[in-house]
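Structure file target_34.pdb; described as PDB, C-alpha atoms.
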ATOM      1  CA  MET A   1     -73.348  46.309 -65.294
ATOM      2  CA  ASP A   2     -72.709  48.483 -62.259
ATOM      3  CA  TYR A   3     -72.076  45.398 -60.171
ATOM      4  CA  GLU A   4     -69.441  44.140 -62.612
ATOM      5  CA  GLU A   5     -67.736  47.549 -62.649
ATOM      6  CA  ASP A   6     -67.685  47.597 -58.840
ATOM      7  CA  VAL A   7     -66.125  44.127 -58.799
ATOM      8  CA  GLU A   8     -63.448  45.205 -61.288
ATOM      9  CA  LYS A   9     -62.703  48.353 -59.278
ATOM     10  CA  ALA A  10     -62.420  46.300 -56.087
ATOM     11  CA  LYS A  11     -60.022  43.869 -57.779
ATOM     12  CA  SER A  12     -57.945  46.739 -59.145
ATOM     13  CA  SER A  13     -57.834  48.437 -55.745
ATOM     14  CA  HIS A  14     -56.787  45.191 -54.072
ATOM     15  CA  GLN A  15     -54.037  44.629 -56.642
ATOM     16  CA  ASP A  16     -52.739  48.183 -56.173
ATOM     17  CA  SER A  17     -52.707  47.742 -52.396
ATOM     18  CA  THR A  18     -50.916  44.397 -52.701
ATOM     19  CA  MET A  19     -48.323  45.860 -55.061
ATOM     20  CA  THR A  20     -47.694  48.804 -52.728
ATOM     21  CA  CYS A  21     -47.122  46.429 -49.816
ATOM     22  CA  ALA A  22     -44.770  44.360 -51.958
ATOM     23  CA  ARG A  23     -42.762  47.433 -52.953
ATOM     24  CA  VAL A  24     -42.455  48.669 -49.380
ATOM     25  CA  GLY A  25     -41.674  45.194 -48.062
ATOM     26  CA  TYR A  26     -38.987  44.576 -50.662
ATOM     27  CA  SER A  27     -37.344  47.961 -50.117
ATOM     28  CA  LEU A  28     -37.192  47.397 -46.354
ATOM     29  CA  GLY A  29     -34.970  44.387 -46.996
ATOM     30  CA  ALA A  30     -32.289  46.793 -48.226
ATOM     31  CA  VAL A  31     -31.793  48.051 -44.656
ATOM     32  CA  SER A  32     -30.001  44.781 -43.886
ATOM     33  CA  ARG A  33     -27.260  45.733 -46.323
ATOM     34  CA  VAL A  34     -25.752  48.122 -43.774
ATOM     35  CA  ASP A  35     -23.512  45.210 -42.805
ATOM     36  CA  ASN A  36     -21.606  45.825 -46.070
ATOM     37  CA  VAL A  37     -20.756  49.440 -45.381
ATOM     38  CA  LEU A  38     -19.926  48.809 -41.713
ATOM     39  CA  GLN A  39     -17.574  45.964 -42.635
ATOM     40  CA  ASN A  40     -15.969  47.902 -45.490
ATOM     41  CA  TYR A  41     -15.316  51.012 -43.396
ATOM     42  CA  PHE A  42     -14.704  49.699 -39.903
ATOM     43  CA  LEU A  43     -13.773  45.999 -39.755
ATOM     44  CA  ASN A  44     -10.179  46.484 -40.892
ATOM     45  CA  PRO A  45      -9.344  49.195 -38.300
ATOM     46  CA  PHE A  46     -11.233  47.233 -35.643
ATOM     47  CA  LEU A  47      -9.101  44.134 -36.192
ATOM     48  CA  LEU A  48      -5.862  46.108 -36.428
ATOM     49  CA  ASP A  49      -6.282  48.757 -33.742
ATOM     50  CA  ILE A  50      -8.821  47.384 -31.260
ATOM     51  CA  VAL A  51      -8.248  43.622 -31.416
ATOM     52  CA  GLY A  52      -4.518  43.931 -32.056
ATOM     53  CA  LEU A  53      -4.409  41.445 -34.931
ATOM     54  CA  ASN A  54      -1.348  42.000 -37.090
ATOM     55  CA  ALA A  55      -1.672  43.246 -40.674
ATOM     56  CA  THR A  56      -0.882  39.891 -42.288
ATOM     57  CA  PHE A  57      -3.542  38.009 -40.348
ATOM     58  CA  THR A  58      -6.061  40.820 -40.844
ATOM     59  CA  GLY A  59      -5.539  40.742 -44.589
ATOM     60  CA  ASN A  60      -5.911  36.963 -44.634
ATOM     61  CA  VAL A  61      -9.182  37.141 -42.673
ATOM     62  CA  LEU A  62     -10.652  39.472 -45.285
ATOM     63  CA  LEU A  63      -9.214  37.456 -48.181
ATOM     64  CA  ILE A  64     -10.671  34.179 -46.924
ATOM     65  CA  LYS A  65     -14.040  35.879 -46.599
ATOM     66  CA  GLN A  66     -13.944  36.982 -50.255
ATOM     67  CA  ILE A  67     -12.925  33.533 -51.497
ATOM     68  CA  TRP A  68     -15.619  31.848 -49.399
ATOM     69  CA  ASP A  69     -18.292  34.225 -50.728
ATOM     70  CA  ALA A  70     -17.424  33.200 -54.282
ATOM     71  CA  VAL A  71     -18.185  29.587 -53.326
ATOM     72  CA  THR A  72     -21.343  30.090 -51.281
ATOM     73  CA  ASP A  73     -23.231  32.464 -53.611
ATOM     74  CA  PRO A  74     -23.854  29.950 -56.430
ATOM     75  CA  ALA A  75     -24.294  27.095 -53.942
ATOM     76  CA  VAL A  76     -27.074  28.873 -52.058
ATOM     77  CA  GLY A  77     -28.667  29.934 -55.347
ATOM     78  CA  TYR A  78     -28.814  26.294 -56.420
ATOM     79  CA  LEU A  79     -30.260  25.161 -53.080
ATOM     80  CA  SER A  80     -32.891  27.895 -53.100
ATOM     81  CA  ASP A  81     -33.951  27.135 -56.681
ATOM     82  CA  HIS A  82     -34.386  23.455 -55.877
ATOM     83  CA  CYS A  83     -36.077  23.893 -52.491
ATOM     84  CA  ASN A  84     -39.826  23.255 -52.483
ATOM     85  CA  THR A  85     -41.626  23.510 -49.138
ATOM     86  CA  SER A  86     -45.056  24.557 -47.954
ATOM     87  CA  PHE A  87     -43.448  27.871 -46.939
ATOM     88  CA  GLY A  88     -42.042  28.423 -50.424
ATOM     89  CA  ARG A  89     -38.571  28.177 -51.920
ATOM     90  CA  ARG A  90     -37.092  31.388 -50.511
ATOM     91  CA  ARG A  91     -38.703  31.956 -47.116
ATOM     92  CA  PRO A  92     -37.089  29.030 -45.229
ATOM     93  CA  PHE A  93     -33.600  30.332 -45.995
ATOM     94  CA  ILE A  94     -34.468  33.871 -44.928
ATOM     95  CA  PHE A  95     -36.173  32.830 -41.711
ATOM     96  CA  MET A  96     -33.604  30.254 -40.574
ATOM     97  CA  SER A  97     -30.566  32.446 -41.218
ATOM     98  CA  SER A  98     -31.869  35.465 -39.277
ATOM     99  CA  PRO A  99     -30.939  34.358 -35.724
ATOM    100  CA  VAL A 100     -27.507  33.238 -36.930
ATOM    101  CA  LEU A 101     -26.966  36.648 -38.526
ATOM    102  CA  TRP A 102     -27.988  38.393 -35.321
ATOM    103  CA  ALA A 103     -25.682  36.317 -33.101
ATOM    104  CA  PHE A 104     -22.583  36.307 -35.290
ATOM    105  CA  TRP A 105     -22.754  40.019 -36.062
ATOM    106  CA  ILE A 106     -22.394  40.647 -32.330
ATOM    107  CA  LEU A 107     -19.650  38.024 -31.970
ATOM    108  CA  LEU A 108     -17.738  39.612 -34.854
ATOM    109  CA  TRP A 109     -17.347  42.905 -32.974
ATOM    110  CA  MET A 110     -16.452  41.443 -29.602
ATOM    111  CA  GLN A 111     -12.894  41.580 -28.322
ATOM    112  CA  LEU A 112     -11.858  38.305 -26.727
ATOM    113  CA  PRO A 113     -10.863  38.914 -23.090
ATOM    114  CA  ASN A 114      -7.254  38.188 -22.161
ATOM    115  CA  VAL A 115      -6.418  36.668 -25.546
ATOM    116  CA  GLU A 116      -3.340  38.006 -27.314
ATOM    117  CA  GLU A 117      -2.189  34.924 -29.211
ATOM    118  CA  GLN A 118      -2.314  35.919 -32.892
ATOM    119  CA  GLY A 119      -3.201  32.436 -34.107
ATOM    120  CA  LEU A 120      -6.216  32.188 -31.799
ATOM    121  CA  LEU A 121      -7.427  35.667 -32.744
ATOM    122  CA  PHE A 122      -7.020  34.862 -36.430
ATOM    123  CA  ALA A 123      -8.977  31.617 -36.070
ATOM    124  CA  TYR A 124     -11.785  33.243 -34.060
ATOM    125  CA  TYR A 125     -12.384  36.189 -36.370
ATOM    126  CA  THR A 126     -11.996  34.111 -39.533
ATOM    127  CA  ILE A 127     -14.563  31.552 -38.391
ATOM    128  CA  THR A 128     -16.927  34.233 -37.101
ATOM    129  CA  LEU A 129     -16.720  36.277 -40.300
ATOM    130  CA  VAL A 130     -17.145  33.223 -42.527
ATOM    131  CA  VAL A 131     -20.217  32.026 -40.610
ATOM    132  CA  PHE A 132     -21.713  35.521 -40.630
ATOM    133  CA  ASN A 133     -21.195  36.025 -44.355
ATOM    134  CA  THR A 134     -22.521  32.559 -45.126
ATOM    135  CA  SER A 135     -25.675  33.527 -43.256
ATOM    136  CA  VAL A 136     -25.838  36.759 -45.254
ATOM    137  CA  THR A 137     -25.690  34.702 -48.445
ATOM    138  CA  PHE A 138     -28.474  32.442 -47.194
ATOM    139  CA  GLN A 139     -30.602  35.583 -46.851
ATOM    140  CA  MET A 140     -29.415  37.761 -49.714
ATOM    141  CA  VAL A 141     -29.642  35.272 -52.585
ATOM    142  CA  PRO A 142     -33.257  34.210 -51.864
ATOM    143  CA  TYR A 143     -34.148  37.849 -51.123
ATOM    144  CA  ARG A 144     -32.997  38.922 -54.586
ATOM    145  CA  ALA A 145     -34.885  36.027 -56.145
ATOM    146  CA  LEU A 146     -38.109  37.240 -54.492
ATOM    147  CA  LEU A 147     -38.078  40.229 -56.857
ATOM    148  CA  GLN A 148     -39.405  38.001 -59.647
ATOM    149  CA  ASP A 149     -42.400  37.110 -57.473
ATOM    150  CA  ALA A 150     -42.973  40.648 -56.221
ATOM    151  CA  ALA A 151     -42.796  42.361 -59.617
ATOM    152  CA  PRO A 152     -44.450  40.579 -62.551
ATOM    153  CA  THR A 153     -43.330  43.127 -65.182
ATOM    154  CA  TYR A 154     -40.071  44.849 -66.104
ATOM    155  CA  GLY A 155     -41.488  48.303 -65.343
ATOM    156  CA  ILE A 156     -42.561  47.337 -61.835
ATOM    157  CA  ARG A 157     -39.226  45.640 -61.167
ATOM    158  CA  THR A 158     -37.383  48.778 -62.219
ATOM    159  CA  LYS A 159     -39.394  50.907 -59.785
ATOM    160  CA  MET A 160     -38.914  48.427 -56.953
ATOM    161  CA  VAL A 161     -35.163  48.214 -57.498
ATOM    162  CA  ALA A 162     -34.937  52.009 -57.573
ATOM    163  CA  LEU A 163     -36.825  52.253 -54.271
ATOM    164  CA  GLN A 164     -34.641  49.518 -52.809
ATOM    165  CA  GLU A 165     -31.442  51.332 -53.791
ATOM    166  CA  MET A 166     -32.704  54.616 -52.348
ATOM    167  CA  THR A 167     -33.499  52.847 -49.081
ATOM    168  CA  ALA A 168     -30.052  51.256 -49.070
ATOM    169  CA  MET A 169     -28.238  54.569 -49.682
ATOM    170  CA  VAL A 170     -30.092  56.326 -46.865
ATOM    171  CA  SER A 171     -29.425  53.342 -44.588
ATOM    172  CA  PHE A 172     -25.717  53.401 -45.455
ATOM    173  CA  MET A 173     -25.321  57.077 -44.603
ATOM    174  CA  LEU A 174     -27.213  56.755 -41.328
ATOM    175  CA  ALA A 175     -25.280  53.608 -40.365
ATOM    176  CA  VAL A 176     -21.891  55.284 -40.812
ATOM    177  CA  LEU A 177     -23.065  58.353 -38.890
ATOM    178  CA  ILE A 178     -24.593  56.395 -36.007
ATOM    179  CA  HIS A 179     -21.688  53.964 -35.707
ATOM    180  CA  GLY A 180     -19.173  56.811 -35.670
ATOM    181  CA  LYS A 181     -21.052  58.485 -32.824
ATOM    182  CA  VAL A 182     -21.603  55.330 -30.770
ATOM    183  CA  VAL A 183     -18.031  53.994 -30.775
ATOM    184  CA  VAL A 184     -16.687  57.170 -29.135
ATOM    185  CA  LEU A 185     -19.579  57.540 -26.713
ATOM    186  CA  PHE A 186     -18.080  55.521 -23.852
ATOM    187  CA  LYS A 187     -14.983  56.556 -21.939
ATOM    188  CA  TYR A 188     -12.730  55.240 -19.211
ATOM    189  CA  ASP A 189     -12.273  57.113 -15.939
ATOM    190  CA  ASN A 190      -9.179  58.821 -17.337
ATOM    191  CA  GLY A 191     -11.181  60.244 -20.233
ATOM    192  CA  SER A 192      -9.820  58.028 -23.010
ATOM    193  CA  VAL A 193     -12.337  56.396 -25.357
ATOM    194  CA  ASN A 194     -13.458  52.856 -24.561
ATOM    195  CA  TYR A 195     -13.563  51.589 -28.143
ATOM    196  CA  GLN A 196     -14.069  48.008 -27.039
ATOM    197  CA  LEU A 197     -17.383  48.853 -25.404
ATOM    198  CA  GLY A 198     -18.323  51.304 -28.149
ATOM    199  CA  TYR A 199     -17.948  48.724 -30.912
ATOM    200  CA  LEU A 200     -19.919  46.167 -28.912
ATOM    201  CA  VAL A 201     -22.803  48.564 -28.238
ATOM    202  CA  SER A 202     -22.865  49.516 -31.911
ATOM    203  CA  ALA A 203     -23.008  45.823 -32.843
ATOM    204  CA  LEU A 204     -25.910  45.257 -30.451
ATOM    205  CA  PHE A 205     -27.748  48.201 -32.016
ATOM    206  CA  PHE A 206     -27.257  47.131 -35.624
ATOM    207  CA  ALA A 207     -27.707  43.373 -35.149
ATOM    208  CA  PRO A 208     -31.527  43.359 -35.428
ATOM    209  CA  LEU A 209     -31.409  45.853 -38.308
ATOM    210  CA  ILE A 210     -29.133  43.474 -40.191
ATOM    211  CA  ALA A 211     -30.828  40.207 -39.257
ATOM    212  CA  PHE A 212     -34.563  40.843 -39.438
ATOM    213  CA  PRO A 213     -35.735  43.316 -42.162
ATOM    214  CA  ARG A 214     -35.745  40.635 -44.859
ATOM    215  CA  ILE A 215     -38.198  38.663 -42.740
ATOM    216  CA  VAL A 216     -40.567  41.591 -43.307
ATOM    217  CA  THR A 217     -39.875  41.293 -47.034
ATOM    218  CA  ALA A 218     -40.695  37.594 -47.027
ATOM    219  CA  ALA A 219     -43.900  38.275 -45.100
ATOM    220  CA  PHE A 220     -45.075  40.938 -47.570
ATOM    221  CA  ILE A 221     -44.332  39.020 -50.772
ATOM    222  CA  THR A 222     -46.269  35.978 -51.930
ATOM    223  CA  GLU A 223     -44.183  33.448 -53.804
ATOM    224  CA  ARG A 224     -45.712  32.103 -56.974
ATOM    225  CA  PRO A 225     -46.254  28.323 -56.908
ATOM    226  CA  VAL A 226     -43.773  26.124 -58.758
ATOM    227  CA  GLU A 227     -44.959  23.679 -61.367
ATOM    228  CA  GLU A 228     -43.720  20.111 -61.354
ATOM    229  CA  GLY A 229     -41.458  20.862 -64.305
ATOM    230  CA  GLY A 230     -39.684  23.567 -62.307
ATOM    231  CA  GLY A 231     -41.298  26.647 -63.802
ATOM    232  CA  LYS A 232     -43.665  29.064 -62.123
ATOM    233  CA  LYS A 233     -47.383  29.019 -62.722
TER     234      LYS A 233
END

Take the structure from the file and write it as structure tokens.
Amino acid sequence: MDYEEDVEKAKSSHQDSTMTCARVGYSLGAVSRVDNVLQNYFLNPFLLDIVGLNATFTGNVLLIKQIWDAVTDPAVGYLSDHCNTSFGRRRPFIFMSSPVLWAFWILLWMQLPNVEEQGLLFAYYTITLVVFNTSVTFQMVPYRALLQDAAPTYGIRTKMVALQEMTAMVSFMLAVLIHGKVVVLFKYDNGSVNYQLGYLVSALFFAPLIAFPRIVTAAFITERPVEEGGGKK
């Protein structure tokens, strides 16, 4: 009898430890969402004031991004649901999109040297933003779907989402604070702020924080196997 009780206690302890890891791992994925707040607050003034893109082109860059997101979200959801590999349905998307996220976040905040042609600037930043946000979708949609594997019950899911949102809010506040400090950190010899370098250094700092936390999430969470009929076992 004592042996059976010890086995049950060991199983319960293991399950608790696994669930704690899943909660922490899933919440860490929320750090990557700082790209949203940085784009919402700073991309428009960056394109207008630092790059020198006119208001019409800047508005069109942001509009095209929104339209493209509406197309890619359901498309990636469909692909993820119908993907079945030895690594799972969600992990391949998260892993493969990470280096693209890292690279294109940096490219998005670079100012092209000696380029003033509005059409070229518009094309560069539109393509860069579209590729970056497509990569975000390839991470974010499977990441959200992992919640069903990480939390088997409604109560656990509620707690995990609450922890995720708390992590995201703290990350947002720190991101705005850090970015605001970094972009004014560098100055020219005459004392004026070198915003071009400041934005680039900020991008280099945030790139790994945007690209890689969801890899930690995927590593912590075990996907449930898919039955032949499409449901989960």

Take atom CA of Asn194 of chain A and atom CA of Phe132 of chain A and report the distance between them in Å, one decimal.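 Straight-line distance from atom CA of Asn194 of chain A to atom CA of Phe132 of chain A works out to 25.0 Å.
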
Just say which residues the PyMOL selection byres ((chain A and resi 109) around 12) picks in this file, as a count of residues only. 40

Can you list what the PyMOL selection byres ((chain A and resi 53-69) around 9) grabs from this structure, as a PyMOL selection string? chain A and resi 44+46-52+70-73+116-119+121-123+125-127+129-130+133-134+137

Minimum-distance residue to Tyr41 of chain A, chosen among A:Gly180, A:Gly155, A:Gly77, A:Gly25 (using only C-alpha atoms):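 Looking at the shortest contact to Tyr41 of chain A, the residue is A:Gly180.
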
Between atom CA of Ala175 of chain A and atom CA of Ser192 of chain A, distance in Å (one decimal):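 Spanning atom CA of Ala175 of chain A to atom CA of Ser192 of chain A is a straight-line distance of 23.7 Å.
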
On this structure, which residues satisfy the PyMOL selection byres ((chain A and resi 138-148) around 6), written as a list of chain:residue names? A:Arg90, A:Phe93, A:Ile94, A:Ser135, A:Val136, A:Thr137, A:Asp149, A:Ala150, A:Ala151

Contacts of Phe212 of chain A within 9 Å, only C-alpha atoms, excl. fewer than 2 positions in-chain, as a ChimeraX atom specification: /A:29,32,94-95,98-99,101-102,207-210,214-216

Atom-to-atom span, atom CA of Thr217 of chain A and atom CA of Leu28 of chain A, Å: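 Distance reported for this atom pair: 6.7 Å.
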
With N, CA, C and O atoms as the goal, would you fill in the gaps in segment 163-181 of chain A and present it as a short mmCIF file (atom, residue, chain, number, x, y, z; two decimals), in the frame of the given file?
data_model
loop_
_atom_site.label_atom_id
_atom_site.label_comp_id
_atom_site.auth_asym_id
_atom_site.auth_seq_id
_atom_site.Cartn_x
_atom_site.Cartn_y
_atom_site.Cartn_z
N LEU A 163 -36.44 51.97 -55.66
CA LEU A 163 -36.83 52.25 -54.27
C LEU A 163 -35.91 51.51 -53.30
O LEU A 163 -35.51 52.06 -52.26
N GLN A 164 -35.56 50.29 -53.65
CA GLN A 164 -34.64 49.52 -52.81
C GLN A 164 -33.29 50.21 -52.69
O GLN A 164 -32.72 50.31 -51.60
N GLU A 165 -32.76 50.69 -53.81
CA GLU A 165 -31.44 51.33 -53.79
C GLU A 165 -31.47 52.65 -53.02
O GLU A 165 -30.51 52.99 -52.32
N MET A 166 -32.56 53.38 -53.13
CA MET A 166 -32.70 54.62 -52.35
C MET A 166 -32.72 54.30 -50.86
O MET A 166 -32.07 54.99 -50.06
N THR A 167 -33.46 53.26 -50.48
CA THR A 167 -33.50 52.85 -49.08
C THR A 167 -32.12 52.44 -48.60
O THR A 167 -31.70 52.78 -47.48
N ALA A 168 -31.39 51.71 -49.44
CA ALA A 168 -30.05 51.26 -49.07
C ALA A 168 -29.11 52.44 -48.88
O ALA A 168 -28.34 52.47 -47.90
N MET A 169 -29.15 53.43 -49.78
CA MET A 169 -28.24 54.57 -49.68
C MET A 169 -28.49 55.37 -48.41
O MET A 169 -27.55 55.78 -47.72
N VAL A 170 -29.76 55.61 -48.09
CA VAL A 170 -30.09 56.33 -46.86
C VAL A 170 -29.63 55.53 -45.65
O VAL A 170 -29.06 56.08 -44.69
N SER A 171 -29.84 54.21 -45.69
CA SER A 171 -29.42 53.34 -44.59
C SER A 171 -27.91 53.37 -44.41
O SER A 171 -27.41 53.40 -43.28
N PHE A 172 -27.18 53.37 -45.52
CA PHE A 172 -25.72 53.40 -45.46
C PHE A 172 -25.22 54.67 -44.75
O PHE A 172 -24.36 54.61 -43.87
N MET A 173 -25.76 55.80 -45.17
CA MET A 173 -25.32 57.08 -44.60
C MET A 173 -25.64 57.16 -43.12
O MET A 173 -24.81 57.60 -42.31
N LEU A 174 -26.83 56.73 -42.74
CA LEU A 174 -27.21 56.76 -41.33
C LEU A 174 -26.37 55.78 -40.51
O LEU A 174 -26.00 56.08 -39.37
N ALA A 175 -26.07 54.62 -41.09
CA ALA A 175 -25.28 53.61 -40.36
C ALA A 175 -23.88 54.13 -40.05
O ALA A 175 -23.39 53.97 -38.92
N VAL A 176 -23.23 54.75 -41.04
CA VAL A 176 -21.89 55.28 -40.81
C VAL A 176 -21.93 56.39 -39.77
O VAL A 176 -21.07 56.46 -38.87
N LEU A 177 -22.93 57.25 -39.85
CA LEU A 177 -23.06 58.35 -38.89
C LEU A 177 -23.30 57.83 -37.48
O LEU A 177 -22.63 58.25 -36.52
N ILE A 178 -24.24 56.92 -37.33
CA ILE A 178 -24.59 56.40 -36.01
C ILE A 178 -23.43 55.61 -35.41
O ILE A 178 -23.08 55.78 -34.23
N HIS A 179 -22.82 54.75 -36.21
CA HIS A 179 -21.69 53.96 -35.71
C HIS A 179 -20.55 54.87 -35.25
O HIS A 179 -19.96 54.66 -34.18
N GLY A 180 -20.25 55.89 -36.04
CA GLY A 180 -19.17 56.81 -35.67
C GLY A 180 -19.44 57.53 -34.36
O GLY A 180 -18.49 57.80 -33.59
N LYS A 181 -20.69 57.82 -34.08
CA LYS A 181 -21.05 58.48 -32.82
C LYS A 181 -21.00 57.52 -31.64
O LYS A 181 -20.54 57.89 -30.55
#
